[in-house]
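The next block is work_13.pdb, given as PDB, C-alpha atoms.
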```
MODEL        1
ATOM      1  CA  MET L 211     164.904 180.807 140.535
ATOM      2  CA  GLY L 212     163.599 177.241 140.540
ATOM      3  CA  PRO L 213     161.616 175.708 137.697
ATOM      4  CA  GLU L 214     158.475 175.683 139.842
ATOM      5  CA  ALA L 215     158.299 179.492 139.470
ATOM      6  CA  TYR L 216     157.537 179.040 135.793
ATOM      7  CA  SER L 217     154.884 176.345 136.193
ATOM      8  CA  PRO L 218     151.421 177.495 135.139
ATOM      9  CA  PRO L 219     148.751 177.739 137.833
ATOM     10  CA  LEU L 220     146.660 174.620 138.246
ATOM     11  CA  ARG L 221     143.271 174.809 136.606
ATOM     12  CA  ARG L 222     140.368 174.172 138.877
ATOM     13  CA  SER L 223     138.259 171.226 137.790
ATOM     14  CA  LEU L 224     134.777 171.700 136.407
ATOM     15  CA  ALA L 225     133.428 170.055 139.546
ATOM     16  CA  GLN L 226     135.148 172.654 141.712
ATOM     17  CA  ASP L 227     133.882 175.499 139.517
ATOM     18  CA  ALA L 228     130.359 174.098 139.721
ATOM     19  CA  MET L 229     130.432 174.346 143.512
ATOM     20  CA  ASN L 230     130.990 178.102 143.772
ATOM     21  CA  LEU L 231     127.966 180.203 144.705
ATOM     22  CA  PRO L 232     127.364 181.959 141.338
ATOM     23  CA  ASN L 233     127.463 178.682 139.419
ATOM     24  CA  LEU L 234     125.218 176.999 142.000
ATOM     25  CA  LEU L 235     122.670 179.761 141.389
ATOM     26  CA  THR L 236     122.962 179.189 137.645
ATOM     27  CA  LEU L 237     122.566 175.418 138.040
ATOM     28  CA  GLY L 238     119.558 176.107 140.266
ATOM     29  CA  ARG L 239     117.939 178.051 137.399
ATOM     30  CA  ILE L 240     118.441 175.112 135.066
ATOM     31  CA  ALA L 241     117.132 172.648 137.661
ATOM     32  CA  ALA L 242     113.994 174.790 138.113
ATOM     33  CA  ILE L 243     113.001 174.516 134.443
ATOM     34  CA  PRO L 244     111.214 171.107 134.734
ATOM     35  CA  PHE L 245     109.192 172.407 137.699
ATOM     36  CA  PHE L 246     108.448 175.606 135.764
ATOM     37  CA  VAL L 247     107.229 173.621 132.745
ATOM     38  CA  TRP L 248     105.150 171.331 134.997
ATOM     39  CA  LEU L 249     103.353 174.370 136.408
ATOM     40  CA  LEU L 250     102.461 175.523 132.886
ATOM     41  CA  ASP L 251     101.411 172.062 131.711
ATOM     42  CA  SER L 252      97.983 172.399 133.357
ATOM     43  CA  PRO L 253      97.488 176.174 133.520
ATOM     44  CA  SER L 254      95.316 177.739 136.182
ATOM     45  CA  PRO L 255      95.515 181.152 137.864
ATOM     46  CA  ARG L 256      97.295 179.621 140.877
ATOM     47  CA  ARG L 257      99.793 177.553 138.853
ATOM     48  CA  CYS L 258     100.507 180.421 136.451
ATOM     49  CA  PHE L 259     101.091 182.711 139.412
ATOM     50  CA  TRP L 260     103.696 180.331 140.821
ATOM     51  CA  ALA L 261     105.230 179.901 137.363
ATOM     52  CA  SER L 262     105.666 183.686 137.210
ATOM     53  CA  ILE L 263     107.337 183.579 140.645
ATOM     54  CA  VAL L 264     109.784 180.901 139.454
ATOM     55  CA  PHE L 265     110.546 182.888 136.287
ATOM     56  CA  THR L 266     111.038 186.121 138.247
ATOM     57  CA  ALA L 267     113.380 184.360 140.681
ATOM     58  CA  ALA L 268     115.349 183.012 137.708
ATOM     59  CA  ALA L 269     115.621 186.523 136.229
ATOM     60  CA  ILE L 270     116.875 187.898 139.556
ATOM     61  CA  THR L 271     119.510 185.170 139.965
ATOM     62  CA  ASP L 272     120.558 185.779 136.343
ATOM     63  CA  MET L 273     121.574 189.315 137.358
ATOM     64  CA  LEU L 274     122.935 188.205 140.728
ATOM     65  CA  ASP L 275     125.245 185.372 139.721
ATOM     66  CA  GLY L 276     127.329 187.488 137.335
ATOM     67  CA  TYR L 277     127.715 190.192 139.965
ATOM     68  CA  LEU L 278     128.715 187.644 142.629
ATOM     69  CA  ALA L 279     131.195 185.944 140.294
ATOM     70  CA  ARG L 280     133.009 189.244 139.738
ATOM     71  CA  LYS L 281     132.683 190.337 143.372
ATOM     72  CA  LEU L 282     134.027 187.044 144.763
ATOM     73  CA  GLY L 283     136.666 186.648 142.047
ATOM     74  CA  VAL L 284     135.320 183.275 140.890
ATOM     75  CA  VAL L 285     134.628 184.009 137.225
ATOM     76  CA  SER L 286     135.035 180.682 135.413
ATOM     77  CA  LEU L 287     134.715 179.209 131.936
ATOM     78  CA  LEU L 288     131.922 176.980 133.219
ATOM     79  CA  GLY L 289     130.027 180.025 134.456
ATOM     80  CA  LYS L 290     130.519 181.876 131.165
ATOM     81  CA  PHE L 291     129.002 178.869 129.384
ATOM     82  CA  LEU L 292     126.174 178.064 131.806
ATOM     83  CA  ASP L 293     124.938 181.590 132.578
ATOM     84  CA  PRO L 294     123.670 182.540 129.090
ATOM     85  CA  LEU L 295     122.556 178.936 128.500
ATOM     86  CA  ALA L 296     120.348 178.915 131.614
ATOM     87  CA  ASP L 297     118.867 182.271 130.650
ATOM     88  CA  LYS L 298     117.989 181.148 127.136
ATOM     89  CA  LEU L 299     116.625 177.764 128.238
ATOM     90  CA  ILE L 300     114.025 179.158 130.625
ATOM     91  CA  VAL L 301     113.026 181.935 128.196
ATOM     92  CA  MET L 302     112.643 179.372 125.398
ATOM     93  CA  ALA L 303     110.650 177.063 127.671
ATOM     94  CA  ALA L 304     108.301 179.895 128.676
ATOM     95  CA  LEU L 305     107.709 181.113 125.119
ATOM     96  CA  VAL L 306     107.248 177.652 123.596
ATOM     97  CA  TRP L 307     104.868 176.485 126.323
ATOM     98  CA  MET L 308     102.704 179.593 126.003
ATOM     99  CA  VAL L 309     102.043 179.073 122.290
ATOM    100  CA  PRO L 310      99.522 176.223 122.790
ATOM    101  CA  MET L 311      98.074 178.203 125.726
ATOM    102  CA  GLY L 312      97.125 180.876 123.170
ATOM    103  CA  ARG L 313      99.063 183.616 124.940
ATOM    104  CA  ILE L 314     101.629 184.371 122.241
ATOM    105  CA  ALA L 315     101.677 183.894 118.468
ATOM    106  CA  THR L 316     103.876 181.179 116.982
ATOM    107  CA  TRP L 317     105.561 183.565 114.529
ATOM    108  CA  VAL L 318     106.690 185.833 117.365
ATOM    109  CA  VAL L 319     108.315 182.913 119.195
ATOM    110  CA  VAL L 320     109.995 181.706 115.997
ATOM    111  CA  LEU L 321     111.457 185.151 115.309
ATOM    112  CA  LEU L 322     112.662 185.622 118.886
ATOM    113  CA  LEU L 323     114.300 182.201 119.040
ATOM    114  CA  ALA L 324     115.827 182.611 115.572
ATOM    115  CA  ARG L 325     117.343 185.915 116.712
ATOM    116  CA  GLU L 326     118.799 184.343 119.868
ATOM    117  CA  ILE L 327     120.311 181.410 117.975
ATOM    118  CA  SER L 328     121.726 183.668 115.246
ATOM    119  CA  VAL L 329     123.290 186.164 117.657
ATOM    120  CA  THR L 330     124.735 183.377 119.825
ATOM    121  CA  GLY L 331     126.297 181.800 116.742
ATOM    122  CA  LEU L 332     127.655 185.160 115.572
ATOM    123  CA  ARG L 333     129.231 185.886 118.953
ATOM    124  CA  SER L 334     130.748 182.398 119.037
ATOM    125  CA  VAL L 335     132.330 182.881 115.613
ATOM    126  CA  ALA L 336     133.591 186.301 116.683
ATOM    127  CA  ALA L 337     135.104 184.816 119.846
ATOM    128  CA  THR L 338     137.051 182.241 117.815
ATOM    129  CA  GLU L 339     138.523 185.178 115.875
ATOM    130  CA  GLY L 340     139.492 186.924 119.103
ATOM    131  CA  VAL L 341     136.705 189.484 118.765
ATOM    132  CA  ILE L 342     134.477 190.132 121.784
ATOM    133  CA  ILE L 343     131.099 191.688 121.030
ATOM    134  CA  SER L 344     129.417 193.135 124.101
ATOM    135  CA  ALA L 345     125.677 193.625 124.395
ATOM    136  CA  GLY L 346     124.545 197.104 123.343
ATOM    137  CA  GLN L 347     121.750 199.206 124.771
ATOM    138  CA  GLU L 348     119.235 197.748 122.309
ATOM    139  CA  GLY L 349     120.024 194.240 123.530
ATOM    140  CA  LYS L 350     119.702 195.237 127.189
ATOM    141  CA  THR L 351     116.381 196.970 126.514
ATOM    142  CA  LYS L 352     115.180 193.903 124.623
ATOM    143  CA  THR L 353     116.025 191.651 127.547
ATOM    144  CA  ALA L 354     114.256 193.888 130.087
ATOM    145  CA  LEU L 355     111.093 194.194 127.983
ATOM    146  CA  GLN L 356     111.110 190.489 127.200
ATOM    147  CA  MET L 357     111.481 189.432 130.836
ATOM    148  CA  ILE L 358     108.699 191.734 132.083
ATOM    149  CA  GLY L 359     106.495 190.767 129.148
ATOM    150  CA  ILE L 360     106.936 187.047 129.816
ATOM    151  CA  VAL L 361     106.047 187.542 133.490
ATOM    152  CA  ALA L 362     102.846 189.333 132.422
ATOM    153  CA  LEU L 363     102.051 186.560 129.933
ATOM    154  CA  LEU L 364     102.634 183.936 132.607
ATOM    155  CA  LEU L 365     100.159 185.673 134.907
ATOM    156  CA  GLY L 366      97.880 185.719 131.872
ATOM    157  CA  TYR L 367      94.564 186.369 133.602
ATOM    158  CA  PRO L 368      92.552 189.513 134.360
ATOM    159  CA  TYR L 369      93.492 191.155 137.664
ATOM    160  CA  HIS L 370      92.013 194.113 139.483
ATOM    161  CA  MET L 371      94.956 196.451 140.005
ATOM    162  CA  THR L 372      95.676 199.661 141.883
ATOM    163  CA  TYR L 373      98.751 201.832 141.462
ATOM    164  CA  PHE L 374      99.675 204.208 144.321
ATOM    165  CA  GLY L 375      96.043 204.346 145.337
ATOM    166  CA  PHE L 376      94.805 204.880 141.767
ATOM    167  CA  ASP L 377      92.243 202.289 140.702
ATOM    168  CA  CYS L 378      93.342 200.850 137.343
ATOM    169  CA  GLY L 379      90.307 198.581 137.126
ATOM    170  CA  ILE L 380      90.544 195.131 135.554
ATOM    171  CA  VAL L 381      93.809 194.679 133.664
ATOM    172  CA  GLN L 382      94.174 191.852 131.149
ATOM    173  CA  MET L 383      97.730 190.740 131.845
ATOM    174  CA  VAL L 384      97.941 188.726 128.650
ATOM    175  CA  HIS L 385      97.425 191.920 126.591
ATOM    176  CA  VAL L 386     100.103 193.734 128.603
ATOM    177  CA  GLY L 387     102.496 190.815 128.099
ATOM    178  CA  ARG L 388     101.892 190.638 124.365
ATOM    179  CA  ALA L 389     102.478 194.367 123.941
ATOM    180  CA  LEU L 390     105.793 194.180 125.818
ATOM    181  CA  VAL L 391     106.966 191.080 123.947
ATOM    182  CA  TYR L 392     106.048 192.654 120.580
ATOM    183  CA  LEU L 393     108.006 195.740 121.588
ATOM    184  CA  SER L 394     110.952 193.555 122.644
ATOM    185  CA  LEU L 395     110.831 191.980 119.178
ATOM    186  CA  LEU L 396     111.548 195.366 117.596
ATOM    187  CA  PHE L 397     114.535 195.847 119.883
ATOM    188  CA  SER L 398     115.607 192.257 119.124
ATOM    189  CA  ILE L 399     115.802 193.027 115.412
ATOM    190  CA  ALA L 400     117.606 196.329 116.072
ATOM    191  CA  SER L 401     120.137 194.693 118.387
ATOM    192  CA  ALA L 402     120.721 191.833 115.919
ATOM    193  CA  ALA L 403     121.518 194.398 113.217
ATOM    194  CA  GLN L 404     123.864 196.120 115.663
ATOM    195  CA  TYR L 405     125.664 192.826 116.378
ATOM    196  CA  VAL L 406     126.156 192.230 112.647
ATOM    197  CA  ARG L 407     127.491 195.771 112.201
ATOM    198  CA  LEU L 408     129.873 195.458 115.162
ATOM    199  CA  PHE L 409     131.036 192.057 113.961
ATOM    200  CA  GLY L 410     131.821 193.407 110.510
ATOM    201  CA  SER L 411     133.651 196.429 111.938
ATOM    202  CA  ALA L 412     135.664 194.335 114.406
ATOM    203  CA  VAL L 413     136.708 191.792 111.777
ATOM    204  CA  ALA L 414     137.676 194.573 109.338
ATOM    205  CA  ALA L 415     139.751 196.285 112.044
ATOM    206  CA  LYS L 416     141.482 193.015 112.866
ATOM    207  CA  ASP L 417     142.281 192.381 109.195
ATOM    208  CA  ASN L 418     143.724 195.907 108.866
ATOM    209  CA  ARG L 419     145.972 195.333 111.906
ATOM    210  CA  GLN L 420     147.235 192.090 110.414
ATOM    211  CA  VAL L 421     147.993 193.776 107.087
ATOM    212  CA  GLU L 422     149.814 196.641 108.784
ATOM    213  CA  SER L 423     151.893 194.287 110.906
TER     214      SER L 423
ENDMDL
END
```
What is this file in structure tokens?
Amino acid sequence: MGPEAYSPPLRRSLAQDAMNLPNLLTLGRIAAIPFFVWLLDSPSPRRCFWASIVFTAAAITDMLDGYLARKLGVVSLLGKFLDPLADKLIVMAALVWMVPMGRIATWVVVLLLAREISVTGLRSVAATEGVIISAGQEGKTKTALQMIGIVALLLGYPYHMTYFGFDCGIVQMVHVGRALVYLSLLFSIASAAQYVRLFGSAVAAKDNRQVES
């Protein structure tokens, strides 16, 4: 058997990885952030409506690009880095920009961003130790509530709504958004505690395996 049989497969360049469909969708989310922020810079019902459309499209592609990467067999290191980054960037942009608009309290944004930074750091440390911490149900619920709440906050104006023919009257979307974001904050704290617990358990299990070996 020739020596070429033992040669490792060639790594695709970052440029090649960036050109696959899932990563193009992720890069599109990042590229949309300046336009998204521009829409919020001078808020009006029309501009906030389009900002909510951009944010919703970003949330949909966030779910779609991971699925496509696995389906097409093009999971890459670049995608693993960019996907959560793009998600956090547009969420951070939305929350920070809505503070001066009076739609969300500063302390809520600080707590949410502190949680995201802390959990990201914890998962990074765990990864360097060979420990993978997957998102639990609390984290998934937090993300769903947060995304829907931010969309409602972006709409931010009173709308006359009907639901399956039932007249709901005038609904203040900013109140709906705040309630959902406050609820997501509770799940954020619960999921952060779960990450810490899983991290401690995983590290302890790894140390026990090393001692036994």
**Fill in**
Expressed in Å, the length from atom CA of L:Ala267 to atom CA of L:Met302 is 16.1 Å
**Residue with smallest distance to L:Val391 - pool L:Ser254, L:Ser262, L:Thr338, L:Gln356, counting all atoms listed in the file** = L:Gln356
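Residue nearest L:Leu332, chosen from L:Arg407, L:Arg388, L:Arg239, L:Lys298 and counting only C-alpha atoms: L:Arg407.
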**Request:** Just give me the gap between atom CA of L:Tyr369 and atom CA of L:Leu323 in Å, one decimal is fine.
**Result:** 29.3 Å
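Straight-line separation from atom CA of L:Leu299 to atom CA of L:Met273: 15.5 Å.
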**Message:** Residue by residue, what does the PyMOL selection byres ((chain L and resi 243) around 10) grab here? Present the result as a list in words.
**Reply:** Gly238, Arg239, Ile240, Ala241, Ala242, Pro244, Phe245, Phe246, Val247, Trp248, Leu249, Ala261, Val264, Phe265, Ala268, Ala296, Leu299, Ile300, Val301, Ala303 and Ala304 of chain L
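Distances to L:Leu282 were evaluated for L:Leu365, L:Leu408, L:Cys378, L:Leu231 using all atoms listed in the file, and the minimum falls at L:Leu231.
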**Item:** Pick from L:Trp307, L:Phe291, L:Phe259, L:Trp317, whichever lies nearest to L:Tyr392 using only C-alpha atoms
**Value:** L:Trp317
Within 7 Å of stretch 400-405 of chain L: each stretch 254-373 of chain L residue with its shortest pair, all atoms listed in the file, as a tab-separated table:
```
residue	atom	partner	partner_atom	distance
L:Arg325	CA	L:Ala402	CA	6.9
L:Val329	CA	L:Ala402	CA	6.5
L:Glu348	CA	L:Ser401	CA	5.1
L:Gly349	CA	L:Ser401	CA	5.2
```
Using all atoms listed in the file, which protein or nucleic acid residues come within 8 Å of L:Ile380? Drop anything in the same chain fewer than 3 positions from it, and give the result as a CSV table (one decimal) with C-alpha atoms, in the frame of the given file.
```
chain,number,residue,atom,x,y,z
L,368,PRO,CA,92.6,189.5,134.4
L,369,TYR,CA,93.5,191.2,137.7
L,370,HIS,CA,92.0,194.1,139.5
L,371,MET,CA,95.0,196.5,140.0
```
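The smallest atom-to-atom distance between L:His385 and any of L:Arg256, L:Ser411, L:Ala362, L:Pro310, using all atoms listed in the file, is found for L:Ala362.
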**Asked** Which residue out of L:Leu235, L:Leu355, L:Val335, L:Val406 has the minimum interatomic distance to L:Ala389 when only C-alpha atoms are used?
**Response** L:Leu355
**Request:** Report as a VMD selection string the residues that result from applying the PyMOL selection byres ((chain L and resi 351) around 12) to the structure here.
**Result:** chain L and resid 345 to 350 352 to 359 390 to 391 393 to 401
